[in-house]
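Below is one structure, written out as structure tokens; the observations come after it.
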Amino acid sequence: MNTPARKSPLRIVLLAGFVAGTLDILAAFTQFYLKTGKDPLVILRYIASAAVGKEKAYGGGAEMYLLGLLFHYIIAYGLTIFFFWLYPYWNVLGRNRFITAVIYGIFAWMVTALVIVPLSFIGKFPSDPGQAAIAILILICMIGLPLSFIIGKYHDRNVHIDEVL
């Protein structure tokens, strides 16, 4: 019986992080544009402002867009790597991809809103409950679902770590 070649974990993490990060930023752009009618690229300056401060991020040039995009993907890949590592250890994740997406989307929001943003130059995450709900839904759909399906499929087809030990 021929079995498909085992895919590289690095390749899966790179793919999942790219898909989730891209879907997430596109959703943020769309939501911002629909809400304000303004250029959604300002989102990247906002992200950059977390690292360099508001004055420098909004006063800078194209490098601030790139810096914001870089930090966005660093966070997306951090969430992806953690999910990849966590999946084989937490049996709940493999049971239902949609419930997994909801749990991980809420977790992603908590990490960004309660840890990353407060530690940044932004300092405080906007506290509007409606905006928080929209952010959580975006993270469920754009981070939780892709990670659940891409990484879940990888782990379900490959040997779990606990089976090797």
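In the structure tokens, chains take letters A, B, ... by order of appearance, with residues numbered from 1 within each chain and ligands from 1 in the order shown.
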
For Gly123 of chain A, list every protein, DNA or RNA residue within 12 Å, evaluated using only C-alpha atoms, and leave out those in the same chain fewer than 2 positions away; present the list as a CSV table (one decimal) with C-alpha atoms, in the first residue's frame.
```
chain,number,residue,atom,x,y,z
A,49,SER,CA,3.0,52.2,15.9
A,50,ALA,CA,2.9,49.4,18.5
A,51,ALA,CA,6.7,49.0,18.0
A,53,GLY,CA,5.2,54.8,18.5
A,54,LYS,CA,2.4,56.7,16.9
A,112,THR,CA,-3.3,40.2,21.3
A,113,ALA,CA,-5.7,42.4,23.3
A,114,LEU,CA,-4.6,41.5,26.8
A,115,VAL,CA,-0.8,40.8,26.3
A,116,ILE,CA,0.7,42.2,23.1
A,117,VAL,CA,-1.2,45.5,22.8
A,118,PRO,CA,-0.8,46.5,26.5
A,119,LEU,CA,3.0,45.8,26.3
A,120,SER,CA,3.3,47.9,23.1
A,121,PHE,CA,3.4,51.7,22.5
A,125,PHE,CA,-6.6,48.0,23.4
A,126,PRO,CA,-9.9,49.7,22.4
A,127,SER,CA,-12.5,48.6,25.0
```

Next item on the list: Pick out the residues sitting within 7 Å of Arg97 of chain A, and hand them over as number ranges by chain; count only C-alpha atoms, and ignore anything fewer than 4 positions along from it in its own chain.
Entry: A: 101, 148-149

Next item on the list: Excluding segment 19-31 of chain A and any residue of its chain fewer than 5 positions from it, enumerate the residues within 10 Å of it, using only C-alpha atoms, and give them as a ChimeraX atom specification.
Entry: /A:13-14,36-44,69,72-77,79-80,134-135,138-147,150

Could you write out that same residue set with C-alpha atoms as a PDB file, in the first residue's frame?
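Contents of the output file selection.pdb:
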```pdb
ATOM      1  CA  VAL A  13       3.681  25.825   9.575  1.00  0.00           C
ATOM      2  CA  LEU A  14       4.833  28.175   6.802  1.00  0.00           C
ATOM      3  CA  THR A  36     -14.581  54.215   7.760  1.00  0.00           C
ATOM      4  CA  GLY A  37     -14.343  54.418   3.966  1.00  0.00           C
ATOM      5  CA  LYS A  38     -10.655  55.265   4.449  1.00  0.00           C
ATOM      6  CA  ASP A  39      -7.513  53.688   3.016  1.00  0.00           C
ATOM      7  CA  PRO A  40      -7.158  50.332   4.811  1.00  0.00           C
ATOM      8  CA  LEU A  41      -3.361  50.446   4.619  1.00  0.00           C
ATOM      9  CA  VAL A  42      -3.486  52.734   7.660  1.00  0.00           C
ATOM     10  CA  ILE A  43      -3.971  49.464   9.587  1.00  0.00           C
ATOM     11  CA  LEU A  44      -0.321  48.649   8.847  1.00  0.00           C
ATOM     12  CA  LEU A  69       3.096  43.951   7.802  1.00  0.00           C
ATOM     13  CA  HIS A  72       1.489  41.319  11.721  1.00  0.00           C
ATOM     14  CA  TYR A  73       3.045  38.178  10.238  1.00  0.00           C
ATOM     15  CA  ILE A  74       5.336  37.698  13.249  1.00  0.00           C
ATOM     16  CA  ILE A  75       2.238  37.543  15.459  1.00  0.00           C
ATOM     17  CA  ALA A  76       0.380  35.303  12.978  1.00  0.00           C
ATOM     18  CA  TYR A  77       3.324  32.910  12.787  1.00  0.00           C
ATOM     19  CA  LEU A  79       0.084  31.872  16.924  1.00  0.00           C
ATOM     20  CA  THR A  80       0.599  29.255  14.202  1.00  0.00           C
ATOM     21  CA  ILE A 134     -15.929  41.793  15.588  1.00  0.00           C
ATOM     22  CA  ALA A 135     -12.212  41.259  16.258  1.00  0.00           C
ATOM     23  CA  ILE A 138     -12.397  37.782  12.513  1.00  0.00           C
ATOM     24  CA  LEU A 139      -9.806  35.821  14.482  1.00  0.00           C
ATOM     25  CA  ILE A 140     -12.071  32.776  14.724  1.00  0.00           C
ATOM     26  CA  CYS A 141     -12.675  32.766  10.974  1.00  0.00           C
ATOM     27  CA  MET A 142      -9.299  33.925   9.707  1.00  0.00           C
ATOM     28  CA  ILE A 143      -6.885  32.405  12.226  1.00  0.00           C
ATOM     29  CA  GLY A 144      -8.794  29.661  14.045  1.00  0.00           C
ATOM     30  CA  LEU A 145     -10.402  27.971  11.037  1.00  0.00           C
ATOM     31  CA  PRO A 146      -7.341  27.842   8.760  1.00  0.00           C
ATOM     32  CA  LEU A 147      -5.099  26.613  11.561  1.00  0.00           C
ATOM     33  CA  ILE A 150      -4.461  22.858   7.883  1.00  0.00           C
TER      34      ILE A 150
END
```

Notebook entry, point to check: Rounded to one decimal in Å, what is the spacing between atom CA of Ile99 of chain A and atom CA of Arg157 of chain A?
Noted result: 19.7 Å

Next item on the list: Rounded to one decimal place, report the atom CA of Tyr154 of chain A-atom CA of Tyr87 of chain A distance in Å.
Entry: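 These two atoms are separated by 10.1 Å.
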
Notebook entry, point to check: Just how far from atom CA of Leu86 of chain A is atom CA of Leu10 of chain A, in Å to one decimal?
Noted result: 15.1 Å

Checklist line | Selected residue, from A:Phe82, A:Arg45, A:Ile12, A:Lys35, that lies nearest to Met64 of chain A when counting only C-alpha atoms | finding: A:Arg45

Next item on the list: Please run DSSP on the backbone and report, as a PyMOL selection string, all residues within chain A that come out as alpha helix (DSSP H).
Entry: chain A and resi 9-36+42-52+54-59+62-86+97-111+117-119+129-139+145-157+161-164

With C-alpha atoms retained, export the selected residues as a compact mmCIF listing (two decimals), in the first residue's frame.
```
# COMPACT_ATOMS: atom_id res chain seq x y z
CA PRO A 9 6.28 20.26 9.64
CA LEU A 10 8.11 23.45 8.64
CA ARG A 11 6.29 23.51 5.31
CA ILE A 12 2.92 23.07 7.05
CA VAL A 13 3.68 25.82 9.58
CA LEU A 14 4.83 28.18 6.80
CA LEU A 15 1.70 27.47 4.76
CA ALA A 16 -0.73 27.71 7.69
CA GLY A 17 0.86 30.91 9.02
CA PHE A 18 0.83 32.53 5.60
CA VAL A 19 -2.81 31.59 4.94
CA ALA A 20 -4.00 32.66 8.40
CA GLY A 21 -1.95 35.86 8.43
CA THR A 22 -3.09 36.84 4.94
CA LEU A 23 -6.76 36.11 5.61
CA ASP A 24 -6.58 38.01 8.90
CA ILE A 25 -5.01 41.16 7.44
CA LEU A 26 -7.38 41.13 4.47
CA ALA A 27 -10.34 40.85 6.86
CA ALA A 28 -8.96 43.72 8.94
CA PHE A 29 -8.53 45.83 5.78
CA THR A 30 -12.07 45.05 4.64
CA GLN A 31 -13.64 45.72 8.02
CA PHE A 32 -11.75 49.02 8.39
CA TYR A 33 -12.70 50.18 4.90
CA LEU A 34 -16.37 49.28 5.32
CA LYS A 35 -16.50 51.05 8.68
CA THR A 36 -14.58 54.21 7.76
CA VAL A 42 -3.49 52.73 7.66
CA ILE A 43 -3.97 49.46 9.59
CA LEU A 44 -0.32 48.65 8.85
CA ARG A 45 0.78 52.00 10.28
CA TYR A 46 -1.30 51.25 13.39
CA ILE A 47 0.48 47.91 13.78
CA ALA A 48 3.86 49.59 13.26
CA SER A 49 2.96 52.19 15.88
CA ALA A 50 2.90 49.41 18.46
CA ALA A 51 6.66 49.04 18.01
CA VAL A 52 7.87 52.54 17.10
CA LYS A 54 2.36 56.72 16.88
CA GLU A 55 4.31 59.79 15.76
CA LYS A 56 7.04 57.84 13.99
CA ALA A 57 4.65 55.28 12.43
CA TYR A 58 2.20 57.82 11.04
CA GLY A 59 4.95 60.29 10.07
CA ALA A 62 6.54 53.20 3.05
CA GLU A 63 8.86 51.50 5.52
CA MET A 64 6.14 51.85 8.17
CA TYR A 65 3.70 49.86 6.03
CA LEU A 66 6.33 47.14 5.66
CA LEU A 67 7.14 47.21 9.37
CA GLY A 68 3.44 46.86 10.22
CA LEU A 69 3.10 43.95 7.80
CA LEU A 70 6.22 42.32 9.26
CA PHE A 71 4.90 42.58 12.83
CA HIS A 72 1.49 41.32 11.72
CA TYR A 73 3.05 38.18 10.24
CA ILE A 74 5.34 37.70 13.25
CA ILE A 75 2.24 37.54 15.46
CA ALA A 76 0.38 35.30 12.98
CA TYR A 77 3.32 32.91 12.79
CA GLY A 78 3.71 32.93 16.57
CA LEU A 79 0.08 31.87 16.92
CA THR A 80 0.60 29.25 14.20
CA ILE A 81 3.70 27.75 15.80
CA PHE A 82 1.98 27.58 19.19
CA PHE A 83 -1.07 25.90 17.65
CA PHE A 84 1.13 23.40 15.80
CA TRP A 85 2.96 22.54 19.02
CA LEU A 86 -0.22 22.40 21.13
CA ARG A 97 -12.50 21.74 13.78
CA PHE A 98 -15.14 24.45 14.27
CA ILE A 99 -15.08 24.34 18.08
CA THR A 100 -11.29 24.35 17.87
CA ALA A 101 -11.46 27.46 15.67
CA VAL A 102 -13.71 29.25 18.17
CA ILE A 103 -11.47 28.36 21.12
CA TYR A 104 -8.30 29.34 19.32
CA GLY A 105 -9.80 32.54 17.88
CA ILE A 106 -10.77 33.65 21.38
CA PHE A 107 -7.30 32.68 22.62
CA ALA A 108 -5.69 34.70 19.78
CA TRP A 109 -7.79 37.72 20.71
CA MET A 110 -6.84 37.38 24.37
CA VAL A 111 -3.14 37.19 23.52
CA VAL A 117 -1.17 45.50 22.80
CA PRO A 118 -0.79 46.52 26.47
CA LEU A 119 2.95 45.83 26.27
CA PRO A 129 -17.41 45.50 23.26
CA GLY A 130 -18.84 45.62 19.72
CA GLN A 131 -15.39 46.09 18.21
CA ALA A 132 -14.01 43.33 20.45
CA ALA A 133 -16.74 40.97 19.22
CA ILE A 134 -15.93 41.79 15.59
CA ALA A 135 -12.21 41.26 16.26
CA ILE A 136 -12.92 37.90 17.90
CA LEU A 137 -15.11 36.79 14.98
CA ILE A 138 -12.40 37.78 12.51
CA LEU A 139 -9.81 35.82 14.48
CA LEU A 145 -10.40 27.97 11.04
CA PRO A 146 -7.34 27.84 8.76
CA LEU A 147 -5.10 26.61 11.56
CA SER A 148 -7.66 24.06 12.68
CA PHE A 149 -8.04 22.62 9.20
CA ILE A 150 -4.46 22.86 7.88
CA ILE A 151 -2.59 21.86 11.03
CA GLY A 152 -5.32 19.48 12.19
CA LYS A 153 -5.18 17.63 8.88
CA TYR A 154 -1.40 17.38 9.14
CA HIS A 155 -1.45 15.99 12.68
CA ASP A 156 -4.37 13.66 12.01
CA ARG A 157 -2.47 12.07 9.10
CA ILE A 161 4.05 12.86 19.46
CA ASP A 162 2.59 10.87 22.38
CA GLU A 163 2.51 7.75 20.16
CA VAL A 164 6.23 8.04 19.55
```
